[in-house]
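See below for entry32.cif, which holds mmCIF, C-alpha atoms.
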```cif
data_run
loop_
_atom_site.label_atom_id
_atom_site.label_comp_id
_atom_site.auth_asym_id
_atom_site.auth_seq_id
_atom_site.Cartn_x
_atom_site.Cartn_y
_atom_site.Cartn_z
CA MET A 177 82.06 -42.36 -46.22
CA LEU A 178 83.45 -39.12 -44.86
CA ILE A 179 85.10 -39.35 -41.46
CA ILE A 180 85.78 -36.10 -39.65
CA THR A 181 88.36 -36.18 -36.93
CA HIS A 182 89.10 -33.41 -34.45
CA THR A 183 92.64 -32.95 -33.34
CA MET A 184 94.05 -30.59 -30.75
CA SER A 185 96.32 -27.95 -32.20
CA PRO A 186 99.90 -27.78 -30.90
CA SER A 187 99.24 -24.33 -29.43
CA SER A 188 96.23 -25.63 -27.46
CA SER A 189 98.27 -28.56 -26.16
CA VAL A 190 101.06 -26.24 -25.08
CA THR A 191 98.59 -23.93 -23.35
CA ILE A 192 96.97 -26.74 -21.38
CA SER A 193 100.37 -28.18 -20.43
CA SER A 194 101.58 -24.74 -19.38
CA ARG A 195 98.53 -24.05 -17.21
CA PHE A 196 98.86 -27.47 -15.56
CA HIS A 197 102.55 -26.84 -14.90
CA ASP A 198 101.70 -23.45 -13.37
CA SER A 199 99.74 -25.27 -10.66
CA PHE A 200 102.94 -26.89 -9.35
CA THR A 201 105.27 -23.92 -9.17
CA LYS A 202 106.68 -22.37 -6.02
CA ASN A 203 104.26 -19.46 -6.27
CA ALA A 204 101.35 -21.86 -6.68
CA PHE A 205 102.21 -23.69 -3.47
CA ARG A 206 102.56 -20.34 -1.70
CA SER A 207 99.03 -19.57 -2.87
CA TYR A 208 97.69 -22.88 -1.55
CA LEU A 209 99.31 -22.25 1.82
CA ALA A 210 97.87 -18.74 1.90
CA GLU A 211 94.40 -20.11 1.19
CA PHE A 212 94.83 -22.69 3.93
CA ILE A 213 95.91 -20.13 6.52
CA SER A 214 93.24 -17.60 5.60
CA THR A 215 90.41 -20.13 5.50
CA PHE A 216 91.57 -21.70 8.76
CA PHE A 217 91.40 -18.42 10.65
CA PHE A 218 88.17 -17.35 8.97
CA VAL A 219 86.36 -20.54 10.01
CA LEU A 220 87.99 -20.47 13.45
CA LEU A 221 86.67 -16.96 14.07
CA VAL A 222 83.20 -17.42 12.57
CA VAL A 223 82.41 -20.79 14.14
CA GLY A 224 84.21 -19.76 17.33
CA SER A 225 82.02 -16.66 17.66
CA SER A 226 78.94 -18.87 17.46
CA MET A 227 80.32 -21.12 20.19
CA SER A 228 81.14 -18.08 22.31
CA SER A 229 77.53 -16.91 22.01
CA ARG A 230 76.29 -20.29 23.19
CA LYS A 231 78.67 -20.15 26.14
CA MET A 232 77.47 -16.70 27.20
CA MET A 233 73.80 -17.26 26.33
CA PRO A 234 72.31 -20.75 26.72
CA ASP A 235 69.37 -19.62 24.56
CA ALA A 236 71.64 -18.16 21.89
CA VAL A 237 69.54 -19.65 19.10
CA LEU A 238 66.58 -17.48 20.12
CA ASN A 239 68.56 -14.47 21.27
CA PRO A 240 68.97 -11.74 18.61
CA THR A 241 72.28 -10.73 20.18
CA SER A 242 73.89 -13.90 18.85
CA LEU A 243 72.79 -12.92 15.34
CA VAL A 244 74.56 -9.58 15.67
CA VAL A 245 77.68 -11.33 17.00
CA GLY A 246 77.68 -13.65 14.00
CA GLY A 247 77.28 -10.81 11.53
CA ILE A 248 80.10 -8.79 13.08
CA ALA A 249 82.36 -11.84 13.22
CA ASN A 250 81.76 -12.56 9.53
CA ALA A 251 82.51 -8.97 8.53
CA PHE A 252 85.66 -8.55 10.63
CA ALA A 253 87.03 -12.04 9.98
CA LEU A 254 86.57 -11.95 6.21
CA SER A 255 88.07 -8.47 5.87
CA SER A 256 91.08 -9.50 7.93
CA VAL A 257 91.88 -12.78 6.19
CA LEU A 258 91.42 -11.23 2.75
CA TYR A 259 93.94 -8.58 3.65
CA ILE A 260 96.62 -11.11 4.59
CA ALA A 261 96.12 -13.31 1.49
CA TRP A 262 95.25 -10.70 -1.11
CA ASP A 263 98.65 -10.38 -2.79
CA ILE A 264 99.55 -14.07 -2.55
CA SER A 265 96.57 -16.19 -3.54
CA GLY A 266 93.99 -13.54 -4.28
CA GLY A 267 92.26 -14.33 -0.99
CA HIS A 268 89.41 -16.54 -2.19
CA VAL A 269 88.76 -18.16 1.23
CA ASN A 270 85.62 -19.65 -0.31
CA PRO A 271 85.14 -22.57 -2.73
CA ALA A 272 82.28 -20.66 -4.37
CA VAL A 273 84.62 -17.78 -5.27
CA THR A 274 87.20 -20.23 -6.60
CA PHE A 275 84.55 -22.05 -8.64
CA ALA A 276 83.34 -18.82 -10.23
CA MET A 277 86.91 -17.85 -11.08
CA ALA A 278 87.55 -21.24 -12.69
CA VAL A 279 84.36 -21.13 -14.76
CA GLY A 280 85.21 -17.61 -15.89
CA GLY A 281 88.74 -18.61 -16.88
CA HIS A 282 90.44 -16.46 -14.26
CA ILE A 283 92.13 -19.45 -12.69
CA SER A 284 93.09 -22.85 -14.10
CA VAL A 285 91.08 -25.92 -13.15
CA PRO A 286 94.02 -27.77 -11.52
CA THR A 287 94.81 -24.69 -9.41
CA ALA A 288 91.14 -24.34 -8.48
CA LEU A 289 91.05 -27.96 -7.30
CA PHE A 290 94.11 -27.40 -5.11
CA TYR A 291 92.47 -24.27 -3.71
CA TRP A 292 89.42 -26.35 -2.82
CA VAL A 293 91.53 -28.97 -1.09
CA ALA A 294 93.35 -26.31 0.93
CA GLN A 295 90.10 -24.56 1.88
CA LEU A 296 88.24 -27.72 2.91
CA ILE A 297 91.12 -29.14 4.94
CA ALA A 298 91.62 -25.77 6.64
CA SER A 299 87.94 -25.60 7.58
CA VAL A 300 87.93 -29.11 9.04
CA MET A 301 91.13 -28.39 10.97
CA ALA A 302 89.73 -25.15 12.40
CA CYS A 303 86.56 -26.87 13.62
CA LEU A 304 88.61 -29.75 15.01
CA VAL A 305 90.72 -27.30 17.01
CA LEU A 306 87.56 -25.71 18.42
CA LYS A 307 86.16 -29.13 19.33
CA VAL A 308 89.36 -30.12 21.12
CA ILE A 309 89.97 -26.93 23.09
CA LEU A 310 86.34 -26.12 23.93
CA VAL A 311 85.33 -29.23 25.81
CA GLY A 312 81.62 -29.58 26.45
CA ILE A 313 80.49 -27.24 23.70
CA HIS A 314 79.30 -28.81 20.48
CA VAL A 315 80.56 -27.45 17.18
CA PRO A 316 77.48 -25.77 15.64
CA THR A 317 76.36 -26.60 12.12
CA TYR A 318 74.36 -24.57 9.66
CA SER A 319 70.69 -25.47 9.74
CA ILE A 320 67.48 -24.54 7.96
CA ALA A 321 64.58 -22.91 9.81
CA GLU A 322 61.23 -24.68 9.96
CA GLU A 323 59.75 -21.95 7.78
CA MET A 324 62.21 -22.76 4.99
CA THR A 325 62.36 -25.65 2.54
CA GLY A 326 65.64 -27.06 1.30
CA PHE A 327 65.01 -25.49 -2.09
CA GLY A 328 64.18 -22.12 -0.56
CA ALA A 329 67.27 -22.18 1.62
CA SER A 330 69.43 -23.07 -1.38
CA VAL A 331 67.97 -20.16 -3.36
CA LEU A 332 68.58 -17.82 -0.43
CA GLU A 333 72.19 -18.97 -0.02
CA GLY A 334 72.68 -18.69 -3.76
CA ALA A 335 71.31 -15.14 -3.87
CA LEU A 336 73.50 -14.01 -0.99
CA THR A 337 76.56 -15.65 -2.54
CA PHE A 338 75.74 -13.89 -5.79
CA VAL A 339 75.86 -10.55 -3.98
CA LEU A 340 79.08 -11.50 -2.20
CA VAL A 341 80.92 -12.68 -5.32
CA TYR A 342 79.68 -9.78 -7.42
CA THR A 343 81.05 -7.47 -4.74
CA VAL A 344 84.35 -9.38 -4.82
CA TYR A 345 84.62 -8.86 -8.57
CA ALA A 346 83.74 -5.18 -8.33
CA ALA A 347 86.04 -4.46 -5.39
CA ARG A 348 89.01 -6.15 -7.05
CA ASP A 349 88.61 -4.77 -10.55
CA PRO A 350 91.69 -2.58 -11.21
CA ARG A 351 89.71 -0.55 -13.73
CA ARG A 352 87.82 0.96 -10.81
CA GLY A 353 91.05 2.38 -9.46
CA PRO A 354 94.01 1.23 -7.36
CA LEU A 355 93.26 -1.60 -4.96
CA SER A 356 92.82 -0.32 -1.41
CA SER A 357 91.77 -1.51 2.02
CA ILE A 358 88.33 -0.03 1.34
CA GLY A 359 87.65 -2.78 -1.20
CA ILE A 360 88.56 -5.44 1.35
CA LEU A 361 86.34 -3.80 3.95
CA VAL A 362 83.41 -3.61 1.52
CA ILE A 363 83.62 -7.36 0.90
CA GLY A 364 83.61 -8.00 4.64
CA LEU A 365 80.66 -5.67 5.18
CA ILE A 366 78.51 -7.36 2.55
CA ALA A 367 79.30 -10.72 4.12
CA GLY A 368 78.31 -9.42 7.55
CA ALA A 369 75.09 -7.88 6.22
CA SER A 370 74.19 -11.14 4.46
CA ALA A 371 74.80 -13.12 7.66
CA LEU A 372 72.46 -10.78 9.52
CA ALA A 373 69.79 -11.13 6.85
CA ALA A 374 69.86 -14.92 6.50
CA GLY A 375 71.13 -16.09 9.89
CA PRO A 376 67.75 -17.15 11.32
CA PHE A 377 66.65 -18.84 8.09
CA SER A 378 69.58 -20.70 6.51
CA GLY A 379 72.51 -19.63 8.67
CA GLY A 380 73.95 -17.26 6.08
CA SER A 381 76.92 -19.45 5.24
CA MET A 382 77.69 -18.35 1.65
CA ASN A 383 80.81 -20.49 2.02
CA PRO A 384 80.72 -24.23 1.30
CA ALA A 385 84.02 -24.77 3.13
CA CYS A 386 82.69 -23.26 6.35
CA ALA A 387 79.55 -25.40 6.20
CA PHE A 388 81.53 -28.53 5.31
CA GLY A 389 84.09 -28.17 8.11
CA SER A 390 81.54 -27.76 10.88
CA ALA A 391 79.39 -30.59 9.49
CA ALA A 392 82.38 -32.94 9.22
CA ILE A 393 83.42 -32.41 12.85
CA ALA A 394 79.86 -32.46 14.16
CA GLY A 395 79.23 -35.66 12.21
CA SER A 396 76.04 -34.38 10.57
CA PHE A 397 75.81 -33.64 6.85
CA ARG A 398 72.08 -32.98 6.84
CA ASN A 399 71.07 -30.47 4.15
CA GLN A 400 74.73 -30.07 3.20
CA ALA A 401 73.76 -29.83 -0.49
CA VAL A 402 72.00 -26.56 0.27
CA TYR A 403 75.31 -24.95 1.18
CA TRP A 404 77.01 -26.17 -1.98
CA VAL A 405 74.49 -26.05 -4.83
CA GLY A 406 73.08 -22.60 -4.09
CA PRO A 407 76.42 -20.82 -3.47
CA LEU A 408 78.18 -22.42 -6.45
CA ILE A 409 75.39 -21.46 -8.84
CA GLY A 410 75.02 -17.97 -7.38
CA ALA A 411 78.77 -17.35 -7.53
CA THR A 412 79.02 -18.56 -11.13
CA ILE A 413 76.16 -16.34 -12.31
CA ALA A 414 77.70 -13.35 -10.55
CA GLY A 415 81.11 -13.91 -12.14
CA LEU A 416 79.78 -14.50 -15.65
CA LEU A 417 77.46 -11.52 -15.43
CA TYR A 418 80.24 -9.21 -14.31
CA ASP A 419 82.71 -10.47 -16.90
CA ASN A 420 80.43 -10.63 -19.90
CA ALA A 421 77.69 -8.07 -19.35
CA MET A 422 79.11 -5.39 -17.07
CA PHE A 423 82.88 -5.24 -17.52
CA PRO A 424 84.32 -7.71 -20.08
CA SER A 425 87.67 -8.99 -18.80
CA HIS A 426 90.97 -9.85 -20.44
CA ALA A 427 93.56 -12.63 -20.15
CA THR A 428 94.37 -13.65 -16.59
CA ASP A 429 97.12 -15.15 -14.52
CA PRO A 430 96.38 -18.91 -14.08
CA ILE A 431 97.31 -18.78 -10.38
CA ARG A 432 95.98 -15.55 -8.95
CA GLY A 433 93.72 -14.53 -11.81
CA VAL A 434 95.38 -11.13 -12.23
CA SER A 435 94.51 -9.44 -15.49
CA GLY A 436 93.93 -6.14 -17.15
CA GLY A 437 90.31 -6.65 -16.16
CA ILE A 438 89.54 -8.28 -12.86
CA GLY A 439 92.20 -9.59 -10.55
CA VAL A 440 91.87 -12.11 -7.78
#
```

Hey, can you dump this file as structure tokens for me?
Amino acid sequence: MLIITHTMSPSSSVTISSRFHDSFTKNAFRSYLAEFISTFFFVLLVVGSSMSSRKMMPDAVLNPTSLVVGGIANAFALSSVLYIAWDISGGHVNPAVTFAMAVGGHISVPTALFYWVAQLIASVMACLVLKVILVGIHVPTYSIAEEMTGFGASVLEGALTFVLVYTVYAARDPRRGPLSSIGILVIGLIAGASALAAGPFSGGSMNPACAFGSAAIAGSFRNQAVYWVGPLIGATIAGLLYDNAMFPSHATDPIRGVSGGIGV
């Protein structure tokens, strides 16, 4: 009887050990802190703008002005927080972006998990701060319109996240030229446009952390899967398509994902 055994080569073992060790370096912890700070302020501004609309307009849900406010807040907030975290953590500020980067090999799995922890805790903390300081105003959660099914909303969120993450890859690819503030602004603008397009239907989250934080503080996780499944799948497809079909990438930094191809 022939028994075939598979053993891990020494080089593979060293590589895995090295990537795991990279997740516990000083630079890695700086990246986690940067993700926490950026995600905290992003969620604070986005959810806070929604609460501001409800304060100024009791019928904010039916008032188109609140939709415009939400879109502008998404665009300005995302552009700003990306700018402050860009050179430290890559400015993911979104578990879907981190997931796509991990699947594509731009960031190690341990580092990606720590990014997720930082992003989710930051989102919960931001919503908790809003709940504490804005007494009498409920923290809003993302919801699905009556015209939408859970599957339809998930597809919509996935499609919008695909556009967002594909834009992230394109804007940050050094082969397109030196990184500039224009790339950061473009990412913010696509996020704002997506929020305007999907706000009345699925909320236009495109960010599982943002949806999770508000749901955790509000105490309602209804349809929460919509804001995870769709964005994670959409982000992954966008990353793999960009890397393998449009602009094949090269080896990357296990923390920030910097490479000769795409850098995050």

As a check of understanding: the span from CA of Ile260 in chain A to CA of Ile358 in chain A is 14.2 Å

Report the distance between CA of Trp292 in chain A and CA of Ala373 in chain A in Å, rounded to one decimal place.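 Interatomic distance, CA of Trp292 in chain A to CA of Ala373 in chain A: 26.7 Å.
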
Test item: residues at most 12 Å from Leu361 in chain A, only C-alpha atoms, excluding those fewer than 4 positions along its chain, as a list in words: Asn250, Ala251, Phe252, Ala253, Leu254, Ser255, Ser256, Val257, Leu258, Tyr259, Thr343, Val344, Ala347, Arg348, Leu355, Ser356, Ser357, Leu365, Ile366, Ala367 and Gly368 of chain A

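Residue nearest Ala294 in chain A, chosen from A:Ile413, A:Leu209, A:Ala261, A:Ile313 and counting all atoms listed in the file: A:Leu209.
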
Return as number ranges by chain the set of residues that the PyMOL selection byres ((chain A and resi 204) around 10) yields on the displayed structure. A: 197-203, 205-210, 264-265, 287, 290-291, 430-432

Using the chain letters and numbers from this file, what does the PyMOL selection byres ((chain A and resi 243) around 10) select? Give the answer as a list in words.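 Applying the expression gives Ser226, Ser229, Ala236, Val237, Leu238, Asn239, Pro240, Thr241, Ser242, Val244, Val245, Gly246, Gly247, Ile248, Ala249, Ala371, Leu372, Ala373, Ala374, Gly375, Pro376 and Gly379 of chain A.
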
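Distance check against Ser228 in chain A using all atoms listed in the file: of A:Met301, A:Val315, A:Val285, A:Met422, the minimum falls on A:Val315.
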
Between CA of Gln295 in chain A and CA of Met232 in chain A, what is the distance in Å, rounded to a tenth?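 Taking CA of Gln295 in chain A as the start and CA of Met232 in chain A as the end point, the length is 29.4 Å.
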
Which of A:Val362, A:Gly312, A:Asn399, A:Ala369 sits closest to Met324 in chain A [using all atoms listed in the file]: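 The answer is A:Asn399, which sits nearest to Met324 in chain A.
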
Might you spell out which residues the PyMOL selection byres ((chain A and resi 345) around 12) would select in the displayed file, as number ranges by chain? A: 266, 268, 273-274, 276-277, 280, 282, 338-344, 346-352, 355, 359-360, 362-363, 411-419, 422-425, 433-434, 437-440

Next, dump the selected residues to file, keeping only C-alpha atoms, as a compact mmCIF listing (two decimals), keeping the file's coordinate frame.
```txt
# COMPACT_ATOMS: atom_id res chain seq x y z
CA GLY A 266 93.99 -13.54 -4.28
CA HIS A 268 89.41 -16.54 -2.19
CA VAL A 273 84.62 -17.78 -5.27
CA THR A 274 87.20 -20.23 -6.60
CA ALA A 276 83.34 -18.82 -10.23
CA MET A 277 86.91 -17.85 -11.08
CA GLY A 280 85.21 -17.61 -15.89
CA HIS A 282 90.44 -16.46 -14.26
CA PHE A 338 75.74 -13.89 -5.79
CA VAL A 339 75.86 -10.55 -3.98
CA LEU A 340 79.08 -11.50 -2.20
CA VAL A 341 80.92 -12.68 -5.32
CA TYR A 342 79.68 -9.78 -7.42
CA THR A 343 81.05 -7.47 -4.74
CA VAL A 344 84.35 -9.38 -4.82
CA ALA A 346 83.74 -5.18 -8.33
CA ALA A 347 86.04 -4.46 -5.39
CA ARG A 348 89.01 -6.15 -7.05
CA ASP A 349 88.61 -4.77 -10.55
CA PRO A 350 91.69 -2.58 -11.21
CA ARG A 351 89.71 -0.55 -13.73
CA ARG A 352 87.82 0.96 -10.81
CA LEU A 355 93.26 -1.60 -4.96
CA GLY A 359 87.65 -2.78 -1.20
CA ILE A 360 88.56 -5.44 1.35
CA VAL A 362 83.41 -3.61 1.52
CA ILE A 363 83.62 -7.36 0.90
CA ALA A 411 78.77 -17.35 -7.53
CA THR A 412 79.02 -18.56 -11.13
CA ILE A 413 76.16 -16.34 -12.31
CA ALA A 414 77.70 -13.35 -10.55
CA GLY A 415 81.11 -13.91 -12.14
CA LEU A 416 79.78 -14.50 -15.65
CA LEU A 417 77.46 -11.52 -15.43
CA TYR A 418 80.24 -9.21 -14.31
CA ASP A 419 82.71 -10.47 -16.90
CA MET A 422 79.11 -5.39 -17.07
CA PHE A 423 82.88 -5.24 -17.52
CA PRO A 424 84.32 -7.71 -20.08
CA SER A 425 87.67 -8.99 -18.80
CA GLY A 433 93.72 -14.53 -11.81
CA VAL A 434 95.38 -11.13 -12.23
CA GLY A 437 90.31 -6.65 -16.16
CA ILE A 438 89.54 -8.28 -12.86
CA GLY A 439 92.20 -9.59 -10.55
CA VAL A 440 91.87 -12.11 -7.78
```

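Minimum atom-to-atom distances from A:Pro384, A:Gly281, A:Gly406, A:Pro316 to Ser225 in chain A were compared using all atoms listed in the file, and the lowest value belongs to A:Pro316.
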
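Distances to Val300 in chain A were evaluated for A:Leu332, A:Ala387, A:Ala272, A:Ile320 using all atoms listed in the file, and the minimum falls at A:Ala387.
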
For Lys307 in chain A, please output as a PyMOL selection string all residues within 12 Å (counting all atoms listed in the file; exclusion window: fewer than 4 positions along the same chain). chain A and resi 220+223-224+227+300-303+311-316+389-390+392-395
